[in-house]
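Before any comments, here is the structure.
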Amino acid sequence: MTHMLRPELLAPVGSKEALIAAISNGADAVYFGGKLFNARHYASNFTHDELEWAIDYAHARGATAYVTVNTLIKDSELDDAAEYLQFLCNAGTDAVIVQDLGIMRLLREKLPGLPVHASTQMTLHNLEGVRFMQEMGAKRAVLARELSLDEIRRIKSQTSIEIETFIHGALCFSYSGQCLLSSMIGGRSGNRGHCAQPCRKKYRIDEVEGYLLSTKDLNMSEHIPALVEAGIDSFKIEGRMKRPEYVAGVVSVYRKLIDRYLEAPGNFQVSDRERQTLSQLFNREFTTGYFFGNQGGKMMSRRYPHNIGTELGKVIDYERKRRRAVISLKAPLRTGDGIGIRGRETGITVRNMYVNDRRTDEAVPGSTVWIPLDEEVARGDEIFKTHDAQLMASLKIKDTKKIHVSMLIKARIGEPAELTLTDGENEVKVHGINVSMADNMPLSEGVMADHLKKLGNTVFDAREITFEKDENIFIPVSELNRLRREAVLQLERIRAQKWTRKCSRPTVISEKKEIGSKPLLSVNTGTIECLEAAVDSGADIVYLGEEASDSVLESEDYVYAIEYGRKKGKSVFISLPRISRKIDLEALPDPDGLLVADPGTLHSLRRARTNQVVIDYPFNVFNRLTMEYLLNYSQRVTLSPELTLEEIRNLTQFGAAECIVHGLFPLIVSEHDLAKGLFPGRKDVCLKDEKGFVFPVRRDAHGRTYIMNSRELCMLEHVPEILEAGVECLRIEARMYDKNKTVEITRAYREAMDKLKGRGCKGKYTTGYYFRGVV
């Protein structure tokens, strides 16, 4: 049998207790965040002192420590980010997990000793995108969760970068890094670590109501063999917001499963107890996600967006006068357990229960129990156990991971006592006072050993103590304790020196550029007739593409559009999709340029074509470093729509910028076909939230879902301010418009730009993030 790669088991850590739980239960590596630039802002996270402690704690126990710097960094934050990265480098972080392209560039150029992992927030979903990260100098790519195992296997076999995939925990409805829903609704940006989890809220489409965007939880425990054989380097568990007992339980199960398969591949199986543990700890029901293809509606947990626990029993009666439920049990129940009713968000902790009118603390499967319950339930309601007190008690967090050390004590009369301490790789010697002859009671080996092995509060565990000593010796017990403490301190210091570094503070130096060209107006369209309308109504550049449309544009459509634009003296660019599972640029006609939304496509263009490129907004350009890097491969960069006008003004000094000023554009792009799953045969639907806002939903020819903004962006009134801010190109997103609306809006902006005079917008609209920004 060929040698199999031993994958890293990577555990989530949101607190000190979770860190101890992860490592004590067998995690090879842990990932956690500080108080800055961290995509789980609402986890406990770590102060600078706690980060140093956490890194040392992991390293001292043989585990690897990764720190998340996986948010978009505002330009005003670059100096703080540089200082923070220097701190992490010095502290010995094994790698930082990064979303921001500019920060990755800064790290590779200024801090080459600090490895970088490309976050799943970079939306790496194709081979070329991973190659892009490899060329930038990333050590590892964390792949998008939408990839199949076959695609992952192909990427792994054709790159030399490490590959990390999620194997357990919550799934996002949207491609990570491509969700603007949370920030548009409430200013809390998922790209900045403040996601309000709008996909776990209730929505309505016509007569269908429920948690329509809520996905089940990923669980790949049954498929460890396939994951190992695919060559994946790191198996990642999601859950930095989860409690330490969750981390302990999930890590423990996966540790056993991975080891079981590696030791005896032919005998691999998941026990009932392991399945039960994973289900009981947390589940919204389980799915294998996209590993084995798109599961459609089977991936969704639309009835219940929170932990449903495990099946406990059914209500057989409800006694209104005594306000208690009568439940037939299928599983054991104990006081202290939490229970919930299927389909409802309420639940209780069981404080009292009765069997045959006698109070009891435990009831067995098959029995009937009476439980006080204020909320009336109906006969036949399903009851679930959402919290298992006994399981949680068994997962009590203990610092059990120890480094085995050996001791050698030399005690010769008239010579200094000498203690040697070794962990197998490092060795220290400490010397004490001279050993004397005992007057009456010599110091025995047993007494000496009892004092030397008192290592309880340290990372070490003395497995072997050897003696080289004379008979009838005496050493004060206080001296033995001092020797032990000093040896431990020195060994800890030597071990720590292996991972701490001396790193310089990376400097952020940028050169301002003069932008002198006349401002341009671009219009993004999805049909030939709208393209014609935009060309005829004053657009300088028209983009044509299929995203968020189920219609397919043929090669001849593009050829016609390009020729139409050139006859009118206008540029026509092909708008390429942000999700490109297979990139084929050879079949494209020869446009005036390309609007590029995906790192993999950009990487292909760098090698295959010389067309002019405009970077689209899914690249999430937030700072000058990202902007300058991408301008090496493009003529212009579309800035993130999450930036304010003032933030845009600061960036335009460093290069040519485009901004979206009008229209409806996707807040979410999902591989899940929402419309087809709920209404077979329908293409376009509208999603209504609990506040009454309506979000148009579109699908493309590949069945992907695009959820558009509920209100039209309109900056017509503010055109002079935007131009004064130095924006080179103003863009109208017209893919949701018909021909007449395209004409109307394009003419309005052409006039406003030519006359440097804005005017008010009609109807209900939004100014997006221009004046409110995001946290």
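In the structure tokens, the first chain shown is A, the next is B, and so on; residue numbers restart at 1 for each chain, and ligands run from 1 in the order shown.
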
Please provide as a VMD selection string all residues within 7 Å of segment 737-745 of chain A, with the sequence filter that same-chain residues fewer than 3 positions apart are discarded (counting only C-alpha atoms).
chain A and resid 529 to 530 533 to 534 537 734 748 to 749

Go ahead and dump the residues you just picked, C-alpha atoms, as a compact mmCIF listing (two decimals), in the first residue's frame.
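The resulting file, again-v9.txt, is reproduced below:
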# COMPACT_ATOMS: atom_id res chain seq x y z
CA GLU A 529 -30.84 45.48 -26.87
CA CYS A 530 -29.76 47.03 -23.55
CA ALA A 533 -29.49 51.39 -25.66
CA ALA A 534 -26.49 52.21 -23.48
CA SER A 537 -27.57 57.06 -24.83
CA ALA A 734 -28.21 47.84 -15.75
CA ALA A 748 -29.51 61.04 -16.84
CA TYR A 749 -25.94 60.26 -15.77

Apply DSSP to the backbone of this structure and, from segment 431-618 of chain A, keep only the residues in alpha helix (DSSP H); write these as an MDAnalysis selection string.
chainID A and resid 445:452 477:497 528:536 555:567 599:608

Could you go through segment 126-343 of chain A and tell me which residues DSSP, when run on the backbone, assigns to strand (DSSP E), listing them as a ChimeraX atom specification?
/A:140-142,162-169,203-205,208-210,217-219,234-237,286-287,310-319,324-329,333-334,338-341

File dump, residues just selected, C-alpha atoms, as a PDB file, in the first residue's frame:
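Final file, result-v6.pdb:
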ATOM      1  CA  ARG A 140      -1.727  27.294   1.661  1.00  0.00           C
ATOM      2  CA  ALA A 141      -5.073  27.880  -0.021  1.00  0.00           C
ATOM      3  CA  VAL A 142      -8.315  27.438   1.895  1.00  0.00           C
ATOM      4  CA  GLU A 162      -1.007  23.143   0.565  1.00  0.00           C
ATOM      5  CA  ILE A 163      -4.777  22.621   0.330  1.00  0.00           C
ATOM      6  CA  GLU A 164      -7.171  23.108   3.232  1.00  0.00           C
ATOM      7  CA  THR A 165     -10.878  22.288   3.219  1.00  0.00           C
ATOM      8  CA  PHE A 166     -13.681  22.536   5.765  1.00  0.00           C
ATOM      9  CA  ILE A 167     -14.953  19.145   6.908  1.00  0.00           C
ATOM     10  CA  HIS A 168     -17.392  19.990   9.713  1.00  0.00           C
ATOM     11  CA  GLY A 169     -19.555  22.866  10.908  1.00  0.00           C
ATOM     12  CA  TYR A 203     -37.973  35.075   4.588  1.00  0.00           C
ATOM     13  CA  ARG A 204     -41.020  34.664   2.376  1.00  0.00           C
ATOM     14  CA  ILE A 205     -41.339  33.951  -1.336  1.00  0.00           C
ATOM     15  CA  VAL A 208     -43.646  29.905   1.079  1.00  0.00           C
ATOM     16  CA  GLU A 209     -42.242  31.132   4.402  1.00  0.00           C
ATOM     17  CA  GLY A 210     -39.336  29.872   6.452  1.00  0.00           C
ATOM     18  CA  ASP A 217     -24.303  21.784   8.827  1.00  0.00           C
ATOM     19  CA  LEU A 218     -21.411  20.077   7.091  1.00  0.00           C
ATOM     20  CA  ASN A 219     -20.448  16.637   8.419  1.00  0.00           C
ATOM     21  CA  SER A 234      -5.583  20.129   6.315  1.00  0.00           C
ATOM     22  CA  PHE A 235      -9.053  19.142   7.581  1.00  0.00           C
ATOM     23  CA  LYS A 236     -10.688  22.232   9.032  1.00  0.00           C
ATOM     24  CA  ILE A 237     -13.466  22.299  11.609  1.00  0.00           C
ATOM     25  CA  PHE A 286     -26.194  17.309   8.500  1.00  0.00           C
ATOM     26  CA  THR A 287     -25.104  17.414   4.887  1.00  0.00           C
ATOM     27  CA  THR A 310     -31.175  14.715  18.646  1.00  0.00           C
ATOM     28  CA  GLU A 311     -34.541  12.985  18.604  1.00  0.00           C
ATOM     29  CA  LEU A 312     -35.862  12.470  22.125  1.00  0.00           C
ATOM     30  CA  GLY A 313     -39.522  11.494  21.805  1.00  0.00           C
ATOM     31  CA  LYS A 314     -43.067  12.670  21.115  1.00  0.00           C
ATOM     32  CA  VAL A 315     -45.763  14.499  23.038  1.00  0.00           C
ATOM     33  CA  ILE A 316     -48.628  12.147  23.864  1.00  0.00           C
ATOM     34  CA  ASP A 317     -50.627  14.658  25.924  1.00  0.00           C
ATOM     35  CA  TYR A 318     -50.569  18.136  27.425  1.00  0.00           C
ATOM     36  CA  GLU A 319     -52.247  18.779  30.792  1.00  0.00           C
ATOM     37  CA  ARG A 324     -47.069  19.977  31.913  1.00  0.00           C
ATOM     38  CA  ALA A 325     -46.298  17.859  28.880  1.00  0.00           C
ATOM     39  CA  VAL A 326     -46.501  14.073  28.769  1.00  0.00           C
ATOM     40  CA  ILE A 327     -43.699  12.712  26.584  1.00  0.00           C
ATOM     41  CA  SER A 328     -42.925   9.209  25.375  1.00  0.00           C
ATOM     42  CA  LEU A 329     -39.125   8.836  25.297  1.00  0.00           C
ATOM     43  CA  LEU A 333     -33.432  12.067  29.570  1.00  0.00           C
ATOM     44  CA  ARG A 334     -31.849  13.562  32.668  1.00  0.00           C
ATOM     45  CA  GLY A 338     -32.131  20.920  27.352  1.00  0.00           C
ATOM     46  CA  ILE A 339     -35.157  20.111  25.175  1.00  0.00           C
ATOM     47  CA  GLY A 340     -36.872  21.827  22.264  1.00  0.00           C
ATOM     48  CA  ILE A 341     -40.003  21.316  20.193  1.00  0.00           C
TER      49      ILE A 341
END

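Atom CA of Leu713 of chain A lies 18.9 Å from atom CA of Glu728 of chain A.
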
Counting only C-alpha atoms, figure out which residue out of A:Val661, A:Ile668, A:Asn650, A:Met627 gets nearest to Cys761 of chain A.
A:Val661

Could you list, as a PyMOL selection string, every residue within 12 Å of Leu455 of chain A, counting only C-alpha atoms and ignoring same-chain residues fewer than 2 positions away?
chain A and resi 402-405+407+449-453+457-463+481+484-489

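For the pair atom CA of Asp423 of chain A and atom CA of Arg6 of chain A, the interatomic distance is 23.5 Å.
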
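In this model, the gap between atom CA of Leu10 of chain A and atom CA of Tyr290 of chain A comes to 20.1 Å.
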
Given only C-alpha atoms as the counted atoms, nearest of A:Arg302, A:Arg188, A:His387, A:Arg649 to Glu721 of chain A
A:Arg649

Near segment 58-74 of chain A, within 6 Å and counting only C-alpha atoms, which residues show up once chain neighbours fewer than 2 positions away are dropped, as a VMD selection string?
chain A and resid 28 to 33 37 to 39 55 to 56 76 to 77 93 to 100 191 to 192 622 to 623

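Near Lys201 of chain A, within 8 Å and counting only C-alpha atoms, sit A:Gln197, A:Pro198, A:Tyr211, A:Leu213, A:Ser214, A:Pro305, A:Asp689, not including residues fewer than 3 positions from it in the same chain.
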
Near segment 425-441 of chain A, counting only C-alpha atoms, which residues have an atom at most 6 Å away, once you skip same-chain residues fewer than 5 positions from it, shown as a PyMOL selection string?
chain A and resi 413-420+472-475

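Among A:Asp75, A:Glu532, A:Asp272, A:Asp381, the residue with the shortest atom-to-atom distance to Ile648 of chain A, counting only C-alpha atoms, is A:Asp75.
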
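Compared by their closest atoms to Arg153 of chain A, and using only C-alpha atoms, the residues A:Gly34, A:Phe291, A:Lys676, A:Glu17 rank with A:Phe291 nearest.
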
Selection: 10 Å around Gly289 of chain A, only C-alpha atoms, excl. self and same-chain fewer than 6 positions, as an MDAnalysis selection string:
chainID A and resid 145:148 167:168 171 215:220 295:296 298:300

Pick out the closest residue to Lys762 of chain A from this set: A:His41, A:Arg711, A:Arg735, A:Lys567. Count only C-alpha atoms.
A:Arg711
